[in-house]
Each structure stands twice: as C-alpha cells, then as structure tokens.
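Asks: Below is the file structure_11.cif, with mmCIF, C-alpha atoms.
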data_entry
loop_
_atom_site.label_atom_id
_atom_site.label_comp_id
_atom_site.auth_asym_id
_atom_site.auth_seq_id
_atom_site.Cartn_x
_atom_site.Cartn_y
_atom_site.Cartn_z
CA MET M 1 -10.93 -85.18 169.58
CA LYS M 2 -10.75 -83.46 172.94
CA ILE M 3 -12.20 -84.98 176.12
CA GLU M 4 -12.13 -82.96 179.32
CA ILE M 5 -12.70 -84.88 182.55
CA PHE M 6 -14.10 -83.07 185.59
CA ALA M 7 -13.14 -85.16 188.60
CA ASP M 8 -12.32 -85.12 192.29
CA ILE M 9 -9.42 -87.14 193.66
CA VAL M 10 -11.60 -88.49 196.50
CA CYS M 11 -14.46 -89.56 194.21
CA PRO M 12 -14.46 -93.36 193.74
CA TRP M 13 -16.76 -93.16 190.73
CA CYS M 14 -14.25 -90.83 189.08
CA PHE M 15 -11.65 -93.59 189.42
CA VAL M 16 -14.11 -96.13 188.00
CA GLY M 17 -15.09 -93.78 185.18
CA ARG M 18 -11.49 -93.22 184.14
CA ARG M 19 -10.83 -96.96 184.01
CA ARG M 20 -13.93 -97.47 181.89
CA LEU M 21 -12.90 -94.67 179.55
CA ASP M 22 -9.45 -96.26 179.22
CA GLU M 23 -11.14 -99.53 178.35
CA ALA M 24 -13.44 -97.78 175.86
CA LEU M 25 -10.44 -96.28 174.07
CA THR M 26 -9.22 -99.80 173.27
CA TYR M 27 -12.43 -100.30 171.28
CA PHE M 28 -12.36 -96.91 169.58
CA ASP M 29 -10.71 -96.90 166.16
CA HIS M 30 -9.45 -93.34 166.52
CA SER M 31 -8.05 -93.52 170.05
CA ASP M 32 -4.70 -92.13 168.88
CA ASP M 33 -6.51 -88.91 168.01
CA VAL M 34 -8.12 -88.51 171.44
CA VAL M 35 -6.60 -85.91 173.76
CA ILE M 36 -7.65 -86.20 177.41
CA SER M 37 -7.29 -83.42 179.96
CA TYR M 38 -8.41 -82.96 183.54
CA ARG M 39 -10.44 -80.21 185.17
CA SER M 40 -10.44 -79.70 188.93
CA PHE M 41 -13.68 -80.24 190.84
CA GLU M 42 -14.15 -80.58 194.60
CA LEU M 43 -17.25 -82.44 195.71
CA ASP M 44 -16.89 -80.74 199.09
CA PRO M 45 -14.73 -77.58 198.93
CA GLY M 46 -15.25 -77.11 202.66
CA ALA M 47 -14.11 -80.62 203.61
CA GLN M 48 -12.09 -80.77 206.81
CA LEU M 49 -8.59 -82.15 207.05
CA TYR M 50 -8.20 -85.76 208.13
CA SER M 51 -9.60 -86.29 211.64
CA GLY M 52 -8.43 -89.88 212.09
CA ALA M 53 -11.84 -91.34 211.28
CA SER M 54 -12.14 -93.83 208.43
CA ILE M 55 -14.53 -93.36 205.54
CA VAL M 56 -16.54 -96.28 206.92
CA GLU M 57 -16.88 -94.51 210.28
CA LEU M 58 -17.92 -91.26 208.60
CA ILE M 59 -20.55 -93.04 206.51
CA SER M 60 -21.81 -94.81 209.62
CA LYS M 61 -22.15 -91.49 211.47
CA LYS M 62 -23.62 -89.58 208.52
CA TYR M 63 -26.37 -92.12 207.80
CA ASN M 64 -26.82 -93.39 211.37
CA VAL M 65 -26.07 -96.99 210.44
CA THR M 66 -23.77 -99.64 211.88
CA LEU M 67 -20.20 -99.99 210.67
CA GLU M 68 -21.14 -103.25 209.00
CA GLU M 69 -24.01 -101.58 207.16
CA ALA M 70 -21.67 -98.77 206.13
CA ARG M 71 -19.25 -101.32 204.69
CA GLY M 72 -22.14 -102.81 202.76
CA PHE M 73 -22.77 -99.47 201.07
CA ASN M 74 -19.40 -99.86 199.35
CA GLU M 75 -19.82 -103.50 198.34
CA ASN M 76 -20.88 -102.62 194.79
CA LEU M 77 -17.85 -100.41 194.32
CA LEU M 78 -15.56 -103.15 195.59
CA ASN M 79 -16.93 -105.58 193.03
CA ILE M 80 -16.71 -103.07 190.19
CA GLY M 81 -13.18 -102.22 191.24
CA VAL M 82 -12.09 -105.85 190.99
CA GLU M 83 -13.37 -105.97 187.40
CA LEU M 84 -11.39 -102.85 186.51
CA GLY M 85 -8.17 -103.60 188.36
CA ILE M 86 -8.89 -101.18 191.22
CA ASP M 87 -8.20 -102.51 194.71
CA PHE M 88 -10.47 -100.25 196.75
CA ASP M 89 -9.61 -100.36 200.47
CA PHE M 90 -12.28 -98.39 202.29
CA GLU M 91 -10.83 -99.32 205.68
CA LYS M 92 -7.53 -97.59 204.93
CA MET M 93 -8.85 -94.46 203.19
CA SER M 94 -8.08 -91.18 204.92
CA PRO M 95 -10.94 -88.79 204.04
CA THR M 96 -9.67 -85.23 203.85
CA ASN M 97 -9.67 -81.98 201.88
CA SER M 98 -8.42 -82.44 198.31
CA PHE M 99 -7.57 -78.83 197.42
CA ASP M 100 -3.78 -79.15 197.58
CA ALA M 101 -3.96 -82.34 195.56
CA HIS M 102 -5.85 -80.44 192.88
CA ARG M 103 -3.20 -77.73 192.89
CA LEU M 104 -0.61 -80.39 192.12
CA VAL M 105 -2.78 -81.76 189.32
CA GLN M 106 -2.76 -78.27 187.82
CA LEU M 107 1.03 -78.19 188.05
CA ALA M 108 1.18 -81.65 186.48
CA ILE M 109 -1.05 -80.58 183.60
CA LYS M 110 1.32 -77.71 182.89
CA SER M 111 4.19 -80.23 182.95
CA GLY M 112 2.42 -82.66 180.60
CA LEU M 113 1.88 -85.21 183.39
CA GLY M 114 -1.75 -84.58 184.32
CA GLU M 115 -2.98 -88.12 183.73
CA GLU M 116 -0.02 -89.64 185.55
CA MET M 117 -0.58 -87.38 188.55
CA VAL M 118 -4.29 -88.13 188.81
CA GLU M 119 -3.57 -91.86 188.56
CA SER M 120 -0.92 -91.66 191.29
CA LEU M 121 -3.18 -89.66 193.60
CA MET M 122 -6.21 -91.90 193.12
CA LYS M 123 -4.23 -95.10 193.59
CA GLY M 124 -2.63 -93.60 196.67
CA TYR M 125 -5.93 -92.50 198.18
CA PHE M 126 -8.19 -95.42 197.28
CA GLU M 127 -5.75 -98.34 197.43
CA ASP M 128 -2.90 -97.36 199.76
CA GLY M 129 -4.61 -95.18 202.36
CA ALA M 130 -2.45 -92.18 201.50
CA LEU M 131 -3.34 -88.87 203.14
CA ILE M 132 -3.67 -86.59 200.14
CA SER M 133 -3.65 -83.41 202.22
CA ASP M 134 -0.25 -84.27 203.73
CA HIS M 135 2.48 -82.43 201.84
CA GLU M 136 5.14 -85.10 202.28
CA GLN M 137 2.83 -87.81 200.98
CA LEU M 138 1.67 -85.57 198.13
CA ALA M 139 5.27 -84.94 197.12
CA SER M 140 5.97 -88.66 197.17
CA MET M 141 2.97 -89.42 194.95
CA ALA M 142 4.00 -86.61 192.60
CA SER M 143 7.50 -88.06 192.33
CA ARG M 144 6.01 -91.44 191.39
CA ALA M 145 4.13 -89.64 188.63
CA GLY M 146 7.42 -88.34 187.26
CA MET M 147 7.22 -84.80 188.59
CA ASP M 148 10.17 -82.77 189.85
CA PHE M 149 10.33 -83.07 193.64
CA SER M 150 11.79 -79.61 194.26
CA ARG M 151 9.18 -77.91 192.09
CA VAL M 152 6.37 -79.84 193.77
CA SER M 153 7.66 -78.86 197.21
CA GLU M 154 7.86 -75.23 196.11
CA VAL M 155 4.23 -75.27 194.97
CA LEU M 156 3.06 -76.92 198.18
CA ARG M 157 4.76 -74.22 200.26
CA SER M 158 2.84 -71.55 198.36
CA ASP M 159 -0.66 -70.94 197.06
CA GLU M 160 0.35 -71.48 193.43
CA PHE M 161 -2.33 -72.92 191.15
CA ALA M 162 -5.12 -72.05 193.58
CA ILE M 163 -6.49 -69.67 190.94
CA GLU M 164 -6.44 -72.40 188.31
CA VAL M 165 -8.37 -74.78 190.57
CA ARG M 166 -11.01 -72.16 191.31
CA ARG M 167 -11.20 -71.22 187.64
CA ASP M 168 -11.98 -74.82 186.70
CA GLU M 169 -14.64 -75.00 189.39
CA SER M 170 -16.21 -71.74 188.24
CA PHE M 171 -16.26 -73.00 184.67
CA ALA M 172 -17.91 -76.24 185.82
CA ALA M 173 -20.60 -74.24 187.60
CA SER M 174 -21.14 -72.06 184.53
CA ILE M 175 -21.98 -75.08 182.36
CA GLY M 176 -24.14 -76.73 185.01
CA VAL M 177 -21.80 -79.40 186.34
CA SER M 178 -23.01 -80.28 189.83
CA GLY M 179 -21.42 -83.70 190.27
CA VAL M 180 -18.56 -85.79 188.96
CA PRO M 181 -17.33 -87.56 187.00
CA PHE M 182 -18.38 -85.39 184.10
CA TYR M 183 -16.96 -85.58 180.59
CA LEU M 184 -17.03 -82.79 178.04
CA ILE M 185 -16.24 -83.83 174.47
CA GLU M 186 -15.25 -81.18 171.95
CA ASP M 187 -16.61 -78.44 174.25
CA LYS M 188 -20.27 -79.33 173.67
CA TYR M 189 -21.06 -83.04 174.04
CA ALA M 190 -21.50 -84.13 177.65
CA ILE M 191 -21.45 -87.45 179.50
CA SER M 192 -22.39 -87.47 183.16
CA GLY M 193 -21.44 -90.21 185.59
CA ALA M 194 -19.22 -93.30 185.41
CA GLN M 195 -20.99 -94.81 182.43
CA ASP M 196 -20.32 -98.32 181.20
CA THR M 197 -17.54 -98.87 178.68
CA MET M 198 -19.71 -99.21 175.59
CA THR M 199 -21.58 -95.99 176.39
CA PHE M 200 -18.25 -94.20 176.15
CA VAL M 201 -17.48 -95.97 172.88
CA SER M 202 -20.86 -95.00 171.42
CA ALA M 203 -20.47 -91.39 172.50
CA MET M 204 -16.98 -91.06 171.05
CA THR M 205 -18.06 -92.72 167.80
CA ALA M 206 -21.06 -90.38 167.46
CA VAL M 207 -18.99 -87.26 168.14
CA TRP M 208 -16.22 -88.42 165.76
CA SER M 209 -18.75 -88.82 162.95
CA LYS M 210 -19.82 -85.21 163.42
CA LEU M 211 -16.24 -83.97 163.19
CA LYS M 212 -15.73 -85.41 159.72
#
Since I need it in another form, could you write the structure as structure tokens?
Replies:
Amino acid sequence: MKIEIFADIVCPWCFVGRRRLDEALTYFDHSDDVVISYRSFELDPGAQLYSGASIVELISKKYNVTLEEARGFNENLLNIGVELGIDFDFEKMSPTNSFDAHRLVQLAIKSGLGEEMVESLMKGYFEDGALISDHEQLASMASRAGMDFSRVSEVLRSDEFAIEVRRDESFAASIGVSGVPFYLIEDKYAISGAQDTMTFVSAMTAVWSKLK
C-alpha cells in the first residue's frame, strides 16, 4: 500500500503528523506492506532567507502581539511534541526558505534515503536550530542521514532537482492540495492535516480492505 506524504520541512504539524503515522503503523497489521514516499511542498515559496529574527519574533510582528503571547501560540505544539518525542525549540528555530532543503530531499529519494533525510532536516530545524538554507549545515544534516557528502555538495552548487520540486508542487496544486501535511493513499484516498494516530489506523485499514 502506497502512502505519499506532502510536507514542508518548516511545517511543525508535518513533523507531528509523521510521528503519528509512525505510531499508527505499529497498530496496523500490514505495516510491512506500506511504502511511504515524500512529495515536496513549500508553504511559502517566496519565503526570505534567514534574517536573524526568531520564529517567536516573526509571529509577534505578524500578529501584533507580545513575545510572551507569541510563545503561547506554540504551547500546544510543545505539549504534543513531548508526547511524540519531539523536542520543539521555538526560540532556536531559524525561519528561512526551504527550497534547497527540498532539493536535497529529492536527491535522497532517488538514493533510497528520503525518510532519513526528512527526519534529519526536521530534527535539525525544529530541535537544534539548524539553518536549513545554509549549504554547509544542509550537507552536514544530509551526511547524518547517510547521504554521500560529495554528491550533496555537488547538488547544492547547482540547480539540480529544482524541476522535481516544482513538479511535486504542481501536482499538489492539480489535486487541490493547499496545505500540509497531506497524505495520499493509493493515489485516491486522502487525509488532510496531522490527524490523531487512530485516524491513520482507521484510514489504512479501510483502504487495505478495498485492495483485497
């Protein structure tokens, strides 16, 4: 059973959704027959490179609230993260453009390391404050995911895999995906948002029954 995940590296709910899907697979009797793949999606394709401002400061400015109020906006995510083993650190996050990170995910998919690369990038961004538009830091995260350093560096010096990223985004638009996370099962069954674990289990069970 094929599950395609449309996600952005800088989307916290995409991180939450993946953890919940992982958890759901432990309850699904046919998890060994599930093949997961990633599709690139940028929530903000025009996002600027890192300016030095924290995500808390940007939220404060965007919504005209105090820094403390901005921190409160993320309180729910912090609590959910604890339950799922995610150590969100909103103070350290370096909000930036994620396009180059997506290009590396495309390279990783081709190398059979797509899931490992997404995990490394998300942990780097959300937990360690990594700047995912910085080529040196991207290469380091790719190496931790098991990718070849020289090949990664070569891709980052070029525009390789830009077409693949845009192709994924065009496909997402063609099927009406306007936000992430979004899950497409067997090309026709959709789940939108970081649903709870048992919702994933129910969806996979229902789709599996239709395949047999």
Asks: Mind telling me what the PyMOL selection byres ((chain M and resi 92-103) around 9) catches here, as a compact mmCIF listing (two decimals) with C-alpha atoms, in the frame of the given file?
Replies:
# COMPACT_ATOMS: atom_id res chain seq x y z
CA ASP M 8 -12.32 -85.12 192.29
CA ILE M 9 -9.42 -87.14 193.66
CA VAL M 10 -11.60 -88.49 196.50
CA ARG M 39 -10.44 -80.21 185.17
CA SER M 40 -10.44 -79.70 188.93
CA PHE M 41 -13.68 -80.24 190.84
CA GLU M 42 -14.15 -80.58 194.60
CA ASP M 44 -16.89 -80.74 199.09
CA PRO M 45 -14.73 -77.58 198.93
CA GLY M 46 -15.25 -77.11 202.66
CA ALA M 47 -14.11 -80.62 203.61
CA GLN M 48 -12.09 -80.77 206.81
CA LEU M 49 -8.59 -82.15 207.05
CA TYR M 50 -8.20 -85.76 208.13
CA SER M 51 -9.60 -86.29 211.64
CA GLY M 52 -8.43 -89.88 212.09
CA ALA M 53 -11.84 -91.34 211.28
CA SER M 54 -12.14 -93.83 208.43
CA ILE M 55 -14.53 -93.36 205.54
CA VAL M 56 -16.54 -96.28 206.92
CA LEU M 58 -17.92 -91.26 208.60
CA PHE M 88 -10.47 -100.25 196.75
CA ASP M 89 -9.61 -100.36 200.47
CA PHE M 90 -12.28 -98.39 202.29
CA GLU M 91 -10.83 -99.32 205.68
CA LEU M 104 -0.61 -80.39 192.12
CA VAL M 105 -2.78 -81.76 189.32
CA GLN M 106 -2.76 -78.27 187.82
CA LEU M 107 1.03 -78.19 188.05
CA ALA M 108 1.18 -81.65 186.48
CA VAL M 118 -4.29 -88.13 188.81
CA LEU M 121 -3.18 -89.66 193.60
CA TYR M 125 -5.93 -92.50 198.18
CA PHE M 126 -8.19 -95.42 197.28
CA GLU M 127 -5.75 -98.34 197.43
CA ASP M 128 -2.90 -97.36 199.76
CA GLY M 129 -4.61 -95.18 202.36
CA ALA M 130 -2.45 -92.18 201.50
CA LEU M 131 -3.34 -88.87 203.14
CA ILE M 132 -3.67 -86.59 200.14
CA SER M 133 -3.65 -83.41 202.22
CA ASP M 134 -0.25 -84.27 203.73
CA HIS M 135 2.48 -82.43 201.84
CA LEU M 138 1.67 -85.57 198.13
CA VAL M 155 4.23 -75.27 194.97
CA LEU M 156 3.06 -76.92 198.18
CA ASP M 159 -0.66 -70.94 197.06
CA GLU M 160 0.35 -71.48 193.43
CA PHE M 161 -2.33 -72.92 191.15
CA ALA M 162 -5.12 -72.05 193.58
CA ILE M 163 -6.49 -69.67 190.94
CA GLU M 164 -6.44 -72.40 188.31
CA VAL M 165 -8.37 -74.78 190.57
Asks: Would you kindly translate the PyMOL selection byres ((chain M and resi 140) around 10) into the concrete residues it picks from this file, as a list in words?
Replies: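 With the shown file as input, the PyMOL selection byres ((chain M and resi 140) around 10) matches Ser120, Leu121, Gly124, His135, Glu136, Gln137, Leu138, Ala139, Met141, Ala142, Ser143, Arg144, Ala145, Met147, Phe149, Val152 and Ser153 of chain M.
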Asks: On this file, the PyMOL selection byres ((chain M and resi 21-25) around 7) gives some set of residues; write that set as a list in words.
Replies: Gly17, Arg18, Arg19, Arg20, Thr26, Tyr27, Phe28, Ser31, Thr197, Met198, Phe200 and Val201 of chain M
Asks: I'd like the interatomic distance between atom CA of M:Gly146 and atom CA of M:Leu113, to a tenth of an Å.
Replies: 7.4 Å
Asks: Choose the residue, out of M:Pro181, M:Gly193, M:Gly114, M:Pro12, that has the smallest atom-to-atom separation from M:Ser37; count only C-alpha atoms.
Replies: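 Selected residue with least distance to M:Ser37: M:Gly114.
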Asks: Could you tell me how far atom CA of M:Ser170 lies from atom CA of M:Leu77, in Å and to one decimal?
Replies: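 Between atom CA of M:Ser170 and atom CA of M:Leu77 the gap works out to 29.4 Å.
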Asks: Measuring between only C-alpha atoms, which one of M:Leu84, M:Cys14, M:Val207, M:Ile109 shows the shortest distance to M:Lys2?
Replies: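 Among M:Leu84, M:Cys14, M:Val207, M:Ile109, it is M:Val207 that comes nearest to M:Lys2.
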Asks: Of the candidates M:Tyr183, M:Val82, M:Ser174, M:Glu57, which shows the shortest atom-to-atom distance to M:Ala70, using only C-alpha atoms?
Replies: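 Going through M:Tyr183, M:Val82, M:Ser174, M:Glu57 one by one, the smallest distance to M:Ala70 is for M:Glu57.
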Asks: Restricting the calculation to only C-alpha atoms: of M:Val16, M:Leu43, M:Val35, M:Ile185, which residue gets closest to M:Asn76?
Replies: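 Nearest candidate to M:Asn76 out of M:Val16, M:Leu43, M:Val35, M:Ile185: M:Val16.
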Asks: Name the residues in contact with M:Asp33 at a cut-off of 10 Å, using all atoms listed in the file, excluding same-chain residues fewer than 4 positions from it; report them as a PyMOL selection string.
Replies: chain M and resi 1-2+29+208
Asks: Check the smallest atom-to-atom distance from each of M:Ala190, M:Leu78, M:Ala7, M:Val34 to M:Glu169 using only C-alpha atoms, then report the winner.
Replies: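 Under the stated criterion, the closest residue is M:Ala7.
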Asks: May I ask for the distance between atom CA of M:Ser60 and atom CA of M:Glu75, given in Å to one decimal place?
Replies: 14.4 Å
Asks: Listed atoms of stretch 13-31 of chain M, axis-aligned box, 3 Å per side: centre and edge lengths to one decimal in Å, as lines of an AutoDock Vina configuration file?
Replies:
center_x = -12.4
center_y = -95.6
center_z = 178.4
size_x = 14.7
size_y = 15.5
size_z = 30.6
